[in-house]
$ cat coords-v7.cif   # mmCIF, C-alpha atoms
data_query
loop_
_atom_site.label_atom_id
_atom_site.label_comp_id
_atom_site.auth_asym_id
_atom_site.auth_seq_id
_atom_site.Cartn_x
_atom_site.Cartn_y
_atom_site.Cartn_z
CA MET C 3 73.29 63.68 138.81
CA ASN C 4 70.55 63.04 136.32
CA ALA C 5 70.99 66.47 134.74
CA LEU C 6 74.73 65.98 134.44
CA ALA C 7 74.33 62.53 132.94
CA ALA C 8 71.94 64.07 130.41
CA MET C 9 74.47 66.77 129.53
CA PHE C 10 77.27 64.23 129.25
CA MET C 11 75.26 61.91 127.01
CA ARG C 12 74.07 64.79 124.84
CA ASP C 13 77.60 65.99 124.20
CA ILE C 14 78.81 62.48 123.42
CA ARG C 15 75.93 62.04 120.96
CA LEU C 16 76.63 65.40 119.33
CA ALA C 17 80.31 64.56 118.96
CA VAL C 18 79.82 61.19 117.33
CA ARG C 19 76.99 62.19 114.99
CA VAL C 20 77.53 63.66 111.56
CA GLY C 21 78.90 67.18 111.83
CA GLY C 22 80.18 66.61 115.36
CA GLY C 23 83.80 67.18 116.23
CA GLY C 24 84.62 63.63 117.31
CA GLY C 25 86.57 62.45 114.29
CA ILE C 26 88.05 65.79 113.23
CA GLY C 27 90.65 65.92 115.99
CA VAL C 28 92.06 62.50 115.16
CA LEU C 29 92.15 63.28 111.43
CA PHE C 30 93.99 66.51 112.11
CA PHE C 31 96.41 64.67 114.39
CA LEU C 32 97.00 62.11 111.66
CA ILE C 33 97.70 64.80 109.05
CA VAL C 34 100.11 66.74 111.25
CA VAL C 35 102.09 63.64 112.15
CA VAL C 36 102.14 62.25 108.62
CA LEU C 37 103.41 65.57 107.23
CA MET C 38 106.38 65.65 109.59
CA PRO C 39 108.52 62.91 107.97
CA PHE C 40 108.05 64.66 104.63
CA ALA C 41 109.30 67.93 106.09
CA ILE C 42 112.16 66.46 108.09
CA GLY C 43 113.37 63.90 105.61
CA PRO C 44 114.03 60.18 105.85
CA ASP C 45 116.47 60.33 108.74
CA MET C 46 115.15 57.47 110.86
CA ALA C 47 117.33 58.20 113.87
CA LEU C 48 116.26 61.86 113.93
CA LEU C 49 112.59 60.93 113.55
CA GLY C 50 112.86 58.47 116.41
CA ARG C 51 114.48 61.11 118.58
CA ILE C 52 111.94 63.87 117.94
CA GLY C 53 108.99 61.49 117.53
CA PRO C 54 107.54 61.95 121.03
CA ALA C 55 107.73 65.75 120.70
CA ILE C 56 105.97 65.66 117.31
CA LEU C 57 103.22 63.41 118.66
CA TRP C 58 102.72 65.68 121.64
CA LEU C 59 102.59 68.82 119.48
CA GLY C 60 100.13 67.13 117.14
CA ALA C 61 97.92 66.12 120.06
CA LEU C 62 98.09 69.64 121.48
CA LEU C 63 97.02 71.27 118.21
CA ALA C 64 94.35 68.64 117.58
CA SER C 65 92.79 69.11 121.00
CA LEU C 66 92.71 72.91 120.49
CA LEU C 67 91.01 72.53 117.14
CA THR C 68 87.81 71.07 118.52
CA LEU C 69 87.71 72.97 121.82
CA GLU C 70 86.62 76.20 120.23
CA ARG C 71 83.10 74.92 119.59
CA LEU C 72 82.66 73.55 123.12
CA PHE C 73 80.78 76.58 124.46
CA ALA C 74 80.45 78.62 121.28
CA ALA C 75 77.89 76.17 119.83
CA ASP C 76 75.79 76.29 123.00
CA HIS C 77 76.07 80.06 123.07
CA GLU C 78 74.97 80.49 119.48
CA ASP C 79 71.86 78.34 119.71
CA GLY C 80 70.74 79.71 123.08
CA SER C 81 71.37 76.53 125.07
CA LEU C 82 73.87 78.33 127.27
CA ASP C 83 71.15 80.68 128.54
CA LEU C 84 69.09 77.74 129.74
CA ILE C 85 72.14 76.04 131.23
CA LEU C 86 72.93 79.20 133.18
CA MET C 87 69.33 79.43 134.42
CA SER C 88 69.20 75.86 135.62
CA ASP C 89 69.59 74.77 139.24
CA THR C 90 72.51 72.55 138.27
CA PRO C 91 75.72 74.32 139.29
CA LEU C 92 77.46 75.70 136.23
CA GLU C 93 80.79 74.26 137.38
CA LEU C 94 79.39 70.72 137.26
CA ALA C 95 77.79 71.30 133.86
CA VAL C 96 81.12 72.58 132.57
CA ALA C 97 82.88 69.55 134.02
CA ALA C 98 80.40 67.16 132.38
CA LYS C 99 80.94 68.87 129.03
CA ALA C 100 84.70 68.76 129.42
CA LEU C 101 84.65 65.08 130.31
CA ALA C 102 82.49 64.27 127.28
CA HIS C 103 84.81 66.35 125.14
CA TRP C 104 87.90 64.56 126.37
CA LEU C 105 86.31 61.13 125.84
CA THR C 106 85.38 61.98 122.25
CA THR C 107 88.48 63.92 121.19
CA GLY C 108 91.30 63.35 123.70
CA LEU C 109 91.00 59.61 124.14
CA PRO C 110 90.95 58.84 120.37
CA LEU C 111 94.27 60.69 120.09
CA VAL C 112 95.76 58.39 122.70
CA ILE C 113 94.40 55.35 120.89
CA ALA C 114 95.84 56.57 117.57
CA VAL C 115 99.36 56.90 118.96
CA PRO C 116 100.54 53.29 118.45
CA LEU C 117 99.68 53.59 114.75
CA LEU C 118 101.16 57.06 114.30
CA GLY C 119 104.27 56.02 116.22
CA LEU C 120 105.18 53.89 113.19
CA PHE C 121 105.47 57.04 111.06
CA MET C 122 107.87 58.43 113.63
CA ASN C 123 110.01 55.29 113.75
CA LEU C 124 109.02 54.59 117.35
CA ASP C 125 109.13 51.00 118.53
CA GLY C 126 106.40 49.42 120.63
CA HIS C 127 107.95 50.39 123.93
CA ALA C 128 108.38 54.02 122.87
CA SER C 129 104.84 54.24 121.46
CA ALA C 130 103.47 52.84 124.69
CA ALA C 131 105.39 55.47 126.66
CA VAL C 132 104.03 58.30 124.51
CA ALA C 133 100.50 56.89 124.70
CA LEU C 134 100.74 56.65 128.48
CA THR C 135 101.98 60.24 128.84
CA LEU C 136 99.26 61.45 126.48
CA LEU C 137 96.65 59.54 128.47
CA ALA C 138 97.79 61.37 131.58
CA GLY C 139 98.37 64.70 129.85
CA THR C 140 95.53 65.23 127.36
CA PRO C 141 92.95 65.85 130.13
CA ALA C 142 95.16 68.79 131.17
CA LEU C 143 95.02 70.12 127.61
CA THR C 144 91.22 69.81 127.58
CA PHE C 145 90.70 71.47 130.94
CA ILE C 146 93.18 74.29 130.26
CA GLY C 147 91.55 74.78 126.88
CA LEU C 148 88.21 74.93 128.66
CA ILE C 149 89.21 78.32 130.09
CA GLY C 150 90.06 79.60 126.64
CA ALA C 151 86.83 78.21 125.18
CA ALA C 152 84.78 79.95 127.85
CA LEU C 153 86.71 83.19 127.45
CA SER C 154 86.27 83.23 123.71
CA VAL C 155 82.50 83.00 124.27
CA ALA C 156 82.64 85.65 126.99
CA LEU C 157 84.69 88.01 124.86
CA ARG C 158 82.72 87.19 121.71
CA ARG C 159 85.87 86.46 119.75
CA GLY C 160 86.22 83.06 118.27
CA GLY C 161 88.93 81.11 116.60
CA LEU C 162 92.47 82.27 116.96
CA LEU C 163 91.98 83.98 120.28
CA LEU C 164 91.54 80.55 121.82
CA ALA C 165 94.92 79.40 120.52
CA VAL C 166 96.66 82.58 121.61
CA LEU C 167 95.17 82.34 125.10
CA VAL C 168 95.60 78.64 125.63
CA LEU C 169 98.89 77.65 124.02
CA PRO C 170 101.16 79.53 126.46
CA LEU C 171 99.35 77.88 129.38
CA THR C 172 100.03 74.43 127.98
CA ILE C 173 103.82 74.84 127.99
CA PRO C 174 104.36 73.06 131.33
CA VAL C 175 102.19 70.14 130.19
CA LEU C 176 104.16 69.91 126.96
CA VAL C 177 107.53 70.10 128.76
CA PHE C 178 106.75 67.36 131.24
CA GLY C 179 104.81 65.23 128.78
CA VAL C 180 107.68 65.12 126.31
CA SER C 181 110.34 64.75 128.97
CA ALA C 182 108.45 61.85 130.56
CA SER C 183 108.22 60.14 127.15
CA ASN C 184 111.90 60.72 126.48
CA ALA C 185 112.82 59.50 129.94
CA ALA C 186 111.02 56.24 129.23
CA ILE C 187 112.58 55.84 125.79
CA VAL C 188 116.20 56.95 126.12
CA GLY C 189 116.67 57.88 129.77
CA PRO C 190 118.73 58.76 131.71
CA LEU C 191 116.15 60.46 133.90
CA PRO C 192 113.77 58.19 135.79
CA PHE C 193 110.34 58.09 134.14
CA GLY C 194 108.52 58.61 137.41
CA THR C 195 109.62 62.16 138.15
CA PRO C 196 108.34 64.03 135.07
CA PHE C 197 105.34 61.69 134.85
CA THR C 198 104.26 62.45 138.41
CA ILE C 199 104.55 66.17 137.72
CA LEU C 200 102.50 65.68 134.55
CA CYS C 201 99.77 63.95 136.57
CA ALA C 202 99.88 66.78 139.10
CA LEU C 203 99.50 69.33 136.30
CA THR C 204 96.47 67.43 135.02
CA LEU C 205 94.81 67.30 138.43
CA THR C 206 95.48 71.00 139.01
CA SER C 207 94.13 72.03 135.64
CA VAL C 208 90.96 69.96 136.18
CA VAL C 209 90.20 71.96 139.32
CA ILE C 210 91.25 75.37 138.02
CA GLY C 211 89.83 74.88 134.55
CA ILE C 212 86.32 74.07 135.74
CA PHE C 213 86.02 77.03 138.09
CA ALA C 214 87.75 79.49 135.77
CA ALA C 215 85.60 78.46 132.79
CA ALA C 216 82.38 78.73 134.80
CA ALA C 217 83.41 82.15 136.11
CA ALA C 218 84.24 83.31 132.58
CA LEU C 219 80.86 82.11 131.28
CA ARG C 220 78.94 83.82 134.07
CA HIS C 221 80.81 87.02 133.53
CA GLY C 222 80.47 86.82 129.80
CA MET C 223 76.69 86.60 129.81
CA GLU C 224 76.45 90.23 130.89
CA MET W 27 52.53 84.17 143.83
CA ARG W 28 53.74 87.65 142.92
CA LEU W 29 56.63 88.80 140.78
CA GLU W 30 57.68 92.36 141.41
CA GLY W 31 60.29 94.65 139.95
CA VAL W 32 61.19 97.76 141.88
CA ALA W 33 63.15 100.68 140.41
CA LEU W 34 64.92 98.40 137.95
CA ALA W 35 67.70 99.92 135.93
CA CYS W 36 69.82 98.36 133.26
CA ILE W 37 72.92 99.57 131.49
CA ARG W 38 74.18 97.72 128.42
CA GLY W 39 77.34 98.68 126.61
CA GLY W 40 77.53 101.98 128.50
CA ARG W 41 74.02 102.96 127.41
CA GLU W 42 71.12 103.18 129.81
CA VAL W 43 68.42 100.88 128.48
CA PHE W 44 65.86 101.70 131.13
CA ALA W 45 65.81 103.08 134.64
CA GLY W 46 63.27 103.33 137.39
CA LEU W 47 61.20 100.55 135.92
CA GLU W 48 58.42 99.22 138.10
CA PHE W 49 56.15 96.29 137.45
CA LEU W 50 54.03 93.91 139.41
CA VAL W 51 52.43 90.75 138.15
CA GLY W 52 50.54 88.24 140.21
CA GLY W 53 49.68 84.57 139.83
CA GLY W 54 47.35 83.93 136.93
CA GLU W 55 48.27 87.22 135.32
CA ALA W 56 50.15 88.08 132.18
CA LEU W 57 52.39 91.07 131.62
CA LEU W 58 52.79 92.25 128.06
CA VAL W 59 56.01 94.13 127.58
CA THR W 60 55.69 96.43 124.60
CA GLY W 61 57.75 99.18 123.06
CA ARG W 62 59.70 100.11 119.97
CA ASN W 63 62.77 98.18 118.83
CA GLY W 64 65.64 98.66 121.20
CA ALA W 65 63.42 99.79 124.06
CA GLY W 66 64.70 96.98 126.24
CA LYS W 67 61.93 94.39 126.06
CA SER W 68 64.28 91.46 125.58
CA THR W 69 66.70 92.91 128.10
CA LEU W 70 63.95 93.11 130.72
CA LEU W 71 63.04 89.46 130.18
CA ARG W 72 66.69 88.42 130.32
CA LEU W 73 67.03 90.44 133.48
CA VAL W 74 64.16 88.56 135.11
CA ALA W 75 65.73 85.32 133.88
CA GLY W 76 68.94 86.23 135.68
CA LEU W 77 70.92 86.40 132.45
CA VAL W 78 71.55 90.14 132.74
CA ARG W 79 72.44 91.80 136.00
CA PRO W 80 70.40 94.91 136.88
CA ALA W 81 72.36 98.12 137.38
CA GLY W 82 69.90 99.09 140.09
CA GLY W 83 66.64 98.13 141.73
CA ARG W 84 65.54 94.68 142.70
CA LEU W 85 63.36 91.78 141.65
CA SER W 86 61.38 89.79 144.12
CA LEU W 87 59.16 86.78 143.96
CA SER W 88 56.80 85.99 146.77
CA GLY W 89 54.85 82.79 147.04
CA GLY W 90 57.29 80.73 145.01
CA ASP W 91 59.73 78.11 146.17
CA PRO W 92 62.00 80.01 148.61
CA GLU W 93 64.82 77.52 148.03
CA ARG W 94 65.15 78.38 144.37
CA SER W 95 66.00 81.59 142.56
CA ILE W 96 63.60 83.31 140.18
CA ALA W 97 65.60 82.02 137.21
CA GLU W 98 65.28 78.46 138.45
CA GLN W 99 61.52 78.80 138.56
CA ALA W 100 61.25 80.45 135.17
CA HIS W 101 61.18 79.24 131.60
CA TYR W 102 62.89 81.52 129.13
CA LEU W 103 61.79 81.31 125.50
CA GLY W 104 64.15 83.60 123.67
CA HIS W 105 64.86 84.30 120.03
CA LEU W 106 67.11 81.27 119.94
CA ASP W 107 65.57 77.85 120.12
CA ALA W 108 68.26 75.99 122.09
CA LEU W 109 68.00 72.98 119.79
CA LYS W 110 70.75 70.81 118.41
CA PRO W 111 70.24 70.05 114.71
CA SER W 112 71.88 66.63 114.86
CA LEU W 113 69.64 65.37 117.66
CA THR W 114 66.13 64.21 116.94
CA VAL W 115 63.06 66.13 118.08
CA GLY W 116 62.53 63.63 120.90
CA GLU W 117 66.17 63.70 122.00
CA ASN W 118 66.21 67.50 122.11
CA LEU W 119 63.14 67.62 124.31
CA ARG W 120 64.24 64.70 126.49
CA PHE W 121 67.58 66.41 127.12
CA TRP W 122 65.97 69.59 128.42
CA MET W 123 63.48 67.58 130.45
CA ARG W 124 66.27 65.72 132.18
CA TYR W 125 68.48 68.78 132.49
CA LEU W 126 65.91 71.23 133.79
CA ASP W 127 63.68 69.01 135.87
CA LEU W 128 65.52 68.26 139.06
CA ALA W 129 62.42 67.75 141.12
CA SER W 130 61.49 64.45 139.57
CA ALA W 131 64.51 62.22 139.29
CA LYS W 132 62.99 60.56 136.27
CA PRO W 133 60.62 62.51 134.03
CA ALA W 134 57.22 60.93 133.88
CA GLU W 135 56.95 58.45 131.06
CA GLY W 136 54.86 59.92 128.31
CA ALA W 137 55.27 63.55 129.41
CA GLU W 138 57.44 64.00 126.38
CA TYR W 139 54.82 62.65 123.98
CA THR W 140 52.05 64.64 125.62
CA ALA W 141 54.09 67.83 125.21
CA LEU W 142 55.03 67.06 121.62
CA ALA W 143 51.45 66.18 120.75
CA ALA W 144 50.22 69.42 122.34
CA VAL W 145 52.41 71.48 120.02
CA GLY W 146 51.60 69.36 116.98
CA LEU W 147 54.92 67.58 116.60
CA GLY W 148 53.75 64.18 117.81
CA ALA W 149 54.50 62.51 114.50
CA LEU W 150 58.02 63.92 114.17
CA THR W 151 59.64 62.55 117.33
CA GLU W 152 62.33 60.65 115.44
CA LEU W 153 63.14 63.39 112.93
CA PRO W 154 66.49 65.19 113.35
CA ALA W 155 65.84 68.79 114.38
CA ALA W 156 67.93 69.97 111.42
CA TYR W 157 64.96 69.23 109.15
CA LEU W 158 62.47 71.32 111.09
CA SER W 159 61.14 74.60 109.74
CA ALA W 160 61.47 77.80 111.76
CA GLY W 161 57.91 77.45 113.03
CA GLN W 162 58.40 73.81 113.95
CA ARG W 163 61.58 74.67 115.84
CA ARG W 164 59.56 77.25 117.72
CA ARG W 165 56.90 74.66 118.52
CA LEU W 166 59.57 72.32 119.83
CA SER W 167 60.88 75.06 122.15
CA ILE W 168 57.35 75.63 123.37
CA ALA W 169 57.05 71.92 124.13
CA ARG W 170 59.84 72.44 126.66
CA LEU W 171 57.59 74.79 128.64
CA LEU W 172 54.95 72.09 128.84
CA ALA W 173 57.21 69.16 129.59
CA VAL W 174 58.91 70.79 132.57
CA LYS W 175 56.57 72.58 134.95
CA ARG W 176 57.77 76.01 136.01
CA PRO W 177 55.48 78.76 137.29
CA ILE W 178 56.98 81.72 135.41
CA TRP W 179 57.11 81.90 131.63
CA LEU W 180 59.31 84.57 130.06
CA LEU W 181 58.44 84.71 126.38
CA ASP W 182 60.34 86.88 123.95
CA GLU W 183 58.13 87.44 120.92
CA PRO W 184 56.68 83.97 121.26
CA THR W 185 54.52 84.18 118.15
CA SER W 186 57.36 84.87 115.73
CA ALA W 187 57.56 82.28 112.95
CA LEU W 188 54.34 80.62 114.14
CA ASP W 189 51.45 80.15 111.72
CA ARG W 190 47.91 81.09 112.68
CA ASP W 191 47.01 77.67 114.04
CA ALA W 192 50.15 77.58 116.14
CA GLN W 193 49.46 81.07 117.46
CA ASP W 194 46.02 79.92 118.58
CA MET W 195 47.57 76.82 120.11
CA LEU W 196 50.09 78.97 121.99
CA ALA W 197 47.33 81.30 123.21
CA GLY W 198 45.46 78.26 124.51
CA LEU W 199 48.55 76.95 126.27
CA MET W 200 49.18 80.35 127.83
CA ARG W 201 45.58 80.61 129.06
CA GLU W 202 45.92 77.14 130.55
CA HIS W 203 49.15 78.14 132.27
CA LEU W 204 47.51 81.29 133.69
CA SER W 205 44.46 79.43 134.91
CA GLY W 206 46.82 77.14 136.82
CA GLY W 207 48.14 80.18 138.70
CA GLY W 208 51.21 80.72 136.58
CA ILE W 209 52.80 84.01 135.57
CA ILE W 210 53.60 85.06 132.02
CA ALA W 211 55.77 87.96 130.96
CA ALA W 212 55.85 88.33 127.20
CA ALA W 213 57.64 90.82 125.00
CA THR W 214 55.51 91.41 121.96
CA HIS W 215 54.65 93.78 119.15
CA GLY W 216 51.19 92.50 118.42
CA PRO W 217 48.33 90.80 120.21
CA ILE W 218 49.17 87.32 121.42
CA GLY W 219 45.67 86.20 122.23
CA LEU W 220 45.39 87.01 125.92
CA ASP W 221 42.39 89.18 126.77
CA ARG W 222 43.16 90.33 130.26
CA ALA W 223 46.78 91.26 130.44
CA ARG W 224 48.64 94.10 132.05
CA GLU W 225 50.76 96.12 129.72
CA LEU W 226 54.15 97.53 130.46
CA GLN W 227 55.26 100.00 127.87
CA LEU W 228 58.97 100.56 127.54
CA GLY W 229 60.77 103.27 125.67
CA ALA W 230 58.53 106.16 126.62
CA ILE W 231 60.77 106.87 129.52
CA ARG W 232 61.94 110.39 130.18
CA PRO W 233 64.22 111.22 133.09
CA GLY W 234 62.26 111.41 136.29
CA ILE W 235 59.12 109.90 134.84
CA HIS W 236 58.44 106.30 135.67
CA PRO W 237 56.52 104.22 133.21
CA GLY W 238 53.19 103.22 134.59
CA ILE W 239 51.38 99.94 134.37
CA ARG W 240 48.02 100.05 132.67
CA PRO W 241 45.66 97.34 133.73
#
$ encode --input "coords-v7.cif" --output "structure tokens"
Amino acid sequence: MNALAAMFMRDIRLAVRVGGGGGIGVLFFLIVVVLMPFAIGPDMALLGRIGPAILWLGALLASLLTLERLFAADHEDGSLDLILMSDTPLELAVAAKALAHWLTTGLPLVIAVPLLGLFMNLDGHASAAVALTLLAGTPALTFIGLIGAALSVALRRGGLLLAVLVLPLTIPVLVFGVSASNAAIVGPLPFGTPFTILCALTLTSVVIGIFAAAAALRHGME
Amino acid sequence: MRLEGVALACIRGGREVFAGLEFLVGGGEALLVTGRNGAGKSTLLRLVAGLVRPAGGRLSLSGGDPERSIAEQAHYLGHLDALKPSLTVGENLRFWMRYLDLASAKPAEGAEYTALAAVGLGALTELPAAYLSAGQRRRLSIARLLAVKRPIWLLDEPTSALDRDAQDMLAGLMREHLSGGGIIAAATHGPIGLDRARELQLGAIRPGIHPGIRP
């Protein structure tokens, strides 16, 4: 446990210090969402209707942006070699890193939603619904992205490969995240159904993501 | 304690790096791995560290902790320093101490300062690692070997970037490690200050001829 706590704390420290990725995701999220009303025009009703989808897309892209460095940084400076040699199971180390990553990049997105909802003409109730679905759904984005981050280290291709690999896998999360938000805002579907599926997707991706990422890293060190 | 490689073979990127490699190194002994560039010195060390899978042959360690793999009992000092520039010198070392040292739930208080003082970085504990020179980064990586006790040291050109004083300091630390019964395998081009060391020369391999070990 001590080793994992050390890993977790190190990644949190790295994210919040200068040059870390902590603030970048939120800034990117802010920019994407602020640009939308300019592109779509001042149609308040339209903005309100597509608001949840825009916020979800923004969160998806923002969480991808910072994921790329998750393993690549450790690979480049040699830390990954030592992590692989350690007695701590790689799966747990990966999980600790993912958790730290979500706390420093996923959670701030959720917190920023009530503010950004104003740009999308969402009222308090609607913003709360989007924030709740993002709270349940962003861990899925992190843990699915974990697989892509590990693969891009294993395949020694950075950047865009991650997006190409990960984005198709996030479609179910996006579908149920947005439909749960819309269900809460306009109905007529009950909120519980898509939201429960969203939670199930998150739990599944936590399990699969950790093992798949660890397997990719092990394989990639060859 | 005895680390033995039998008929080791390694293939990287479709190319045979070495084959039929044999070595034996006992407790308190050092193995100097020499050879031209590309002969497979680093690959051999990474293979012992479990970071590269052998294409053939086997590695065995007798007299170590049977519960742990060779990699878990080895320190690997590669070309990369495994340091985070935004963490301080102390934080970098403390992280690896806590991450690598499972035996003691809490690293001994002061072990960190002893290790940093031994490599001459005692005064820089609070400095972010981004400001360290190449040699100082190397010293900080070496401090990791001292702070967490592991019997096998795998050193890949350990003297690179080190000034003369630091090279002497490293030689002293290696002699100390050997006198405690430890094992060192070092890839090197020049002398690293160990008098009695076995040498394993790579690269002079022709098919059917196994490289010998010269005492």
$ atom_distance --input "coords-v7.cif" --atom1 "CA of Leu120 in chain C" --atom2 "CA of Pro39 in chain C"
10.9 Å
$ residues_around --input "coords-v7.cif" --residues "range 98-107 of chain C" --least-positions-apart "5" --cutoff "7 Å" --atoms "all atoms listed in the file" --output "ChimeraX atom specification"
/C:6,9-10,13-14,17,24,27,65,141,144-145
$ resolve_selection --input "coords-v7.cif" --expression "the PyMOL selection byres ((chain C) within 9 of (chain W))" --output "PyMOL selection string"
chain C and resi 3-9+11-12+15-16+19-22+76-90+220+223-224
$ resolve_selection --input "coords-v7.cif" --expression "the PyMOL selection byres ((chain C and resi 181) around 10)" --output "list in words"
Pro54, Ala55, Thr135, Val175, Leu176, Val177, Phe178, Gly179, Val180, Ala182, Ser183, Asn184, Ala185, Ala186, Ile187, Gly189, Leu191, Phe193, Thr195, Pro196, Phe197 and Leu200 of chain C
$ write_last_selection --input "coords-v7.cif" --atoms "C-alpha atoms" --output "mmCIF file, in the frame of the given file"
data_model
loop_
_atom_site.group_PDB
_atom_site.id
_atom_site.type_symbol
_atom_site.label_atom_id
_atom_site.label_comp_id
_atom_site.auth_asym_id
_atom_site.auth_seq_id
_atom_site.Cartn_x
_atom_site.Cartn_y
_atom_site.Cartn_z
ATOM 1 C CA PRO C 54 107.540 61.950 121.030
ATOM 2 C CA ALA C 55 107.730 65.750 120.700
ATOM 3 C CA THR C 135 101.980 60.240 128.840
ATOM 4 C CA VAL C 175 102.190 70.140 130.190
ATOM 5 C CA LEU C 176 104.160 69.910 126.960
ATOM 6 C CA VAL C 177 107.530 70.100 128.760
ATOM 7 C CA PHE C 178 106.750 67.360 131.240
ATOM 8 C CA GLY C 179 104.810 65.230 128.780
ATOM 9 C CA VAL C 180 107.680 65.120 126.310
ATOM 10 C CA ALA C 182 108.450 61.850 130.560
ATOM 11 C CA SER C 183 108.220 60.140 127.150
ATOM 12 C CA ASN C 184 111.900 60.720 126.480
ATOM 13 C CA ALA C 185 112.820 59.500 129.940
ATOM 14 C CA ALA C 186 111.020 56.240 129.230
ATOM 15 C CA ILE C 187 112.580 55.840 125.790
ATOM 16 C CA GLY C 189 116.670 57.880 129.770
ATOM 17 C CA LEU C 191 116.150 60.460 133.900
ATOM 18 C CA PHE C 193 110.340 58.090 134.140
ATOM 19 C CA THR C 195 109.620 62.160 138.150
ATOM 20 C CA PRO C 196 108.340 64.030 135.070
ATOM 21 C CA PHE C 197 105.340 61.690 134.850
ATOM 22 C CA LEU C 200 102.500 65.680 134.550
#
$ resolve_selection --input "coords-v7.cif" --expression "the PyMOL selection byres ((chain W and resi 212) around 6)" --output "mmCIF file with C-alpha atoms, keeping the file's coordinate frame"
data_model
loop_
_atom_site.group_PDB
_atom_site.id
_atom_site.type_symbol
_atom_site.label_atom_id
_atom_site.label_comp_id
_atom_site.auth_asym_id
_atom_site.auth_seq_id
_atom_site.Cartn_x
_atom_site.Cartn_y
_atom_site.Cartn_z
ATOM 1 C CA LEU W 58 52.790 92.250 128.060
ATOM 2 C CA VAL W 59 56.010 94.130 127.580
ATOM 3 C CA LEU W 180 59.310 84.570 130.060
ATOM 4 C CA LEU W 181 58.440 84.710 126.380
ATOM 5 C CA ASP W 182 60.340 86.880 123.950
ATOM 6 C CA ALA W 211 55.770 87.960 130.960
ATOM 7 C CA ALA W 213 57.640 90.820 125.000
#
$ atom_distance --input "coords-v7.cif" --atom1 "CA of Asp45 in chain C" --atom2 "CA of Leu118 in chain C"
16.6 Å
$ atom_distance --input "coords-v7.cif" --atom1 "CA of Leu166 in chain W" --atom2 "CA of Ala187 in chain W"
12.3 Å
$ axis_aligned_box --input "coords-v7.cif" --around "range 206-221 of chain C" --padding-each-side "5 Å" --output "JSON"
{"center_x": 87.2, "center_y": 78.5, "center_z": 135.3, "size_x": 26.5, "size_y": 27.1, "size_z": 18.0}
$ residues_around --input "coords-v7.cif" --residues "Thr206 in chain C" --least-positions-apart "4" --cutoff "12 Å" --atoms "all atoms listed in the file" --output "ChimeraX atom specification"
/C:139,141-143,145-146,174-175,199-202,210-214
$ residues_around --input "coords-v7.cif" --residues "Ala61 in chain C" --least-positions-apart "3" --cutoff "8 Å" --atoms "all atoms listed in the file" --output "VMD selection string"
chain C and resid 31 57 to 58 64 to 65 111 140
$ write_last_selection --input "coords-v7.cif" --atoms "C-alpha atoms" --output "PDB file, in the frame of the given file"
ATOM      1  CA  PHE C  31      96.410  64.670 114.390  1.00  0.00           C
ATOM      2  CA  LEU C  57     103.220  63.410 118.660  1.00  0.00           C
ATOM      3  CA  TRP C  58     102.720  65.680 121.640  1.00  0.00           C
ATOM      4  CA  ALA C  64      94.350  68.640 117.580  1.00  0.00           C
ATOM      5  CA  SER C  65      92.790  69.110 121.000  1.00  0.00           C
ATOM      6  CA  LEU C 111      94.270  60.690 120.090  1.00  0.00           C
ATOM      7  CA  THR C 140      95.530  65.230 127.360  1.00  0.00           C
TER       8      THR C 140
END
$ residues_around --input "coords-v7.cif" --residues "Leu228 in chain W" --least-positions-apart "3" --cutoff "9 Å" --atoms "only C-alpha atoms" --output "ChimeraX atom specification"
/W:44,47,59-62,65-67,231,237
$ write_last_selection --input "coords-v7.cif" --atoms "C-alpha atoms" --output "CSV table (one decimal), in the coordinates of the input"
chain,number,residue,atom,x,y,z
W,44,PHE,CA,65.9,101.7,131.1
W,47,LEU,CA,61.2,100.6,135.9
W,59,VAL,CA,56.0,94.1,127.6
W,60,THR,CA,55.7,96.4,124.6
W,61,GLY,CA,57.8,99.2,123.1
W,62,ARG,CA,59.7,100.1,120.0
W,65,ALA,CA,63.4,99.8,124.1
W,66,GLY,CA,64.7,97.0,126.2
W,67,LYS,CA,61.9,94.4,126.1
W,231,ILE,CA,60.8,106.9,129.5
W,237,PRO,CA,56.5,104.2,133.2
$ closest_residue --input "coords-v7.cif" --among "C:Gly126, C:Pro170, C:Gly25, C:Pro192" --to "Gly108 in chain C" --atoms "all atoms listed in the file"
C:Gly25
$ closest_residue --input "coords-v7.cif" --among "W:Val43, W:Ala56, W:Val51, W:Ala143" --to "Gly219 in chain W" --atoms "all atoms listed in the file"
W:Ala56
$ residues_around --input "coords-v7.cif" --residues "Arg222 in chain W" --least-positions-apart "5" --cutoff "12 Å" --atoms "all atoms listed in the file" --output "list in words"
Gly54, Glu55, Ala56, Leu57, Leu58, Met200, Arg201, Leu204, Ser205, Ile210, Pro217, Arg240 and Pro241 of chain W
$ closest_residue --input "coords-v7.cif" --among "C:Ala128, C:Leu94, C:Leu59, C:Val188" --to "Ile173 in chain C" --atoms "only C-alpha atoms"
C:Leu59
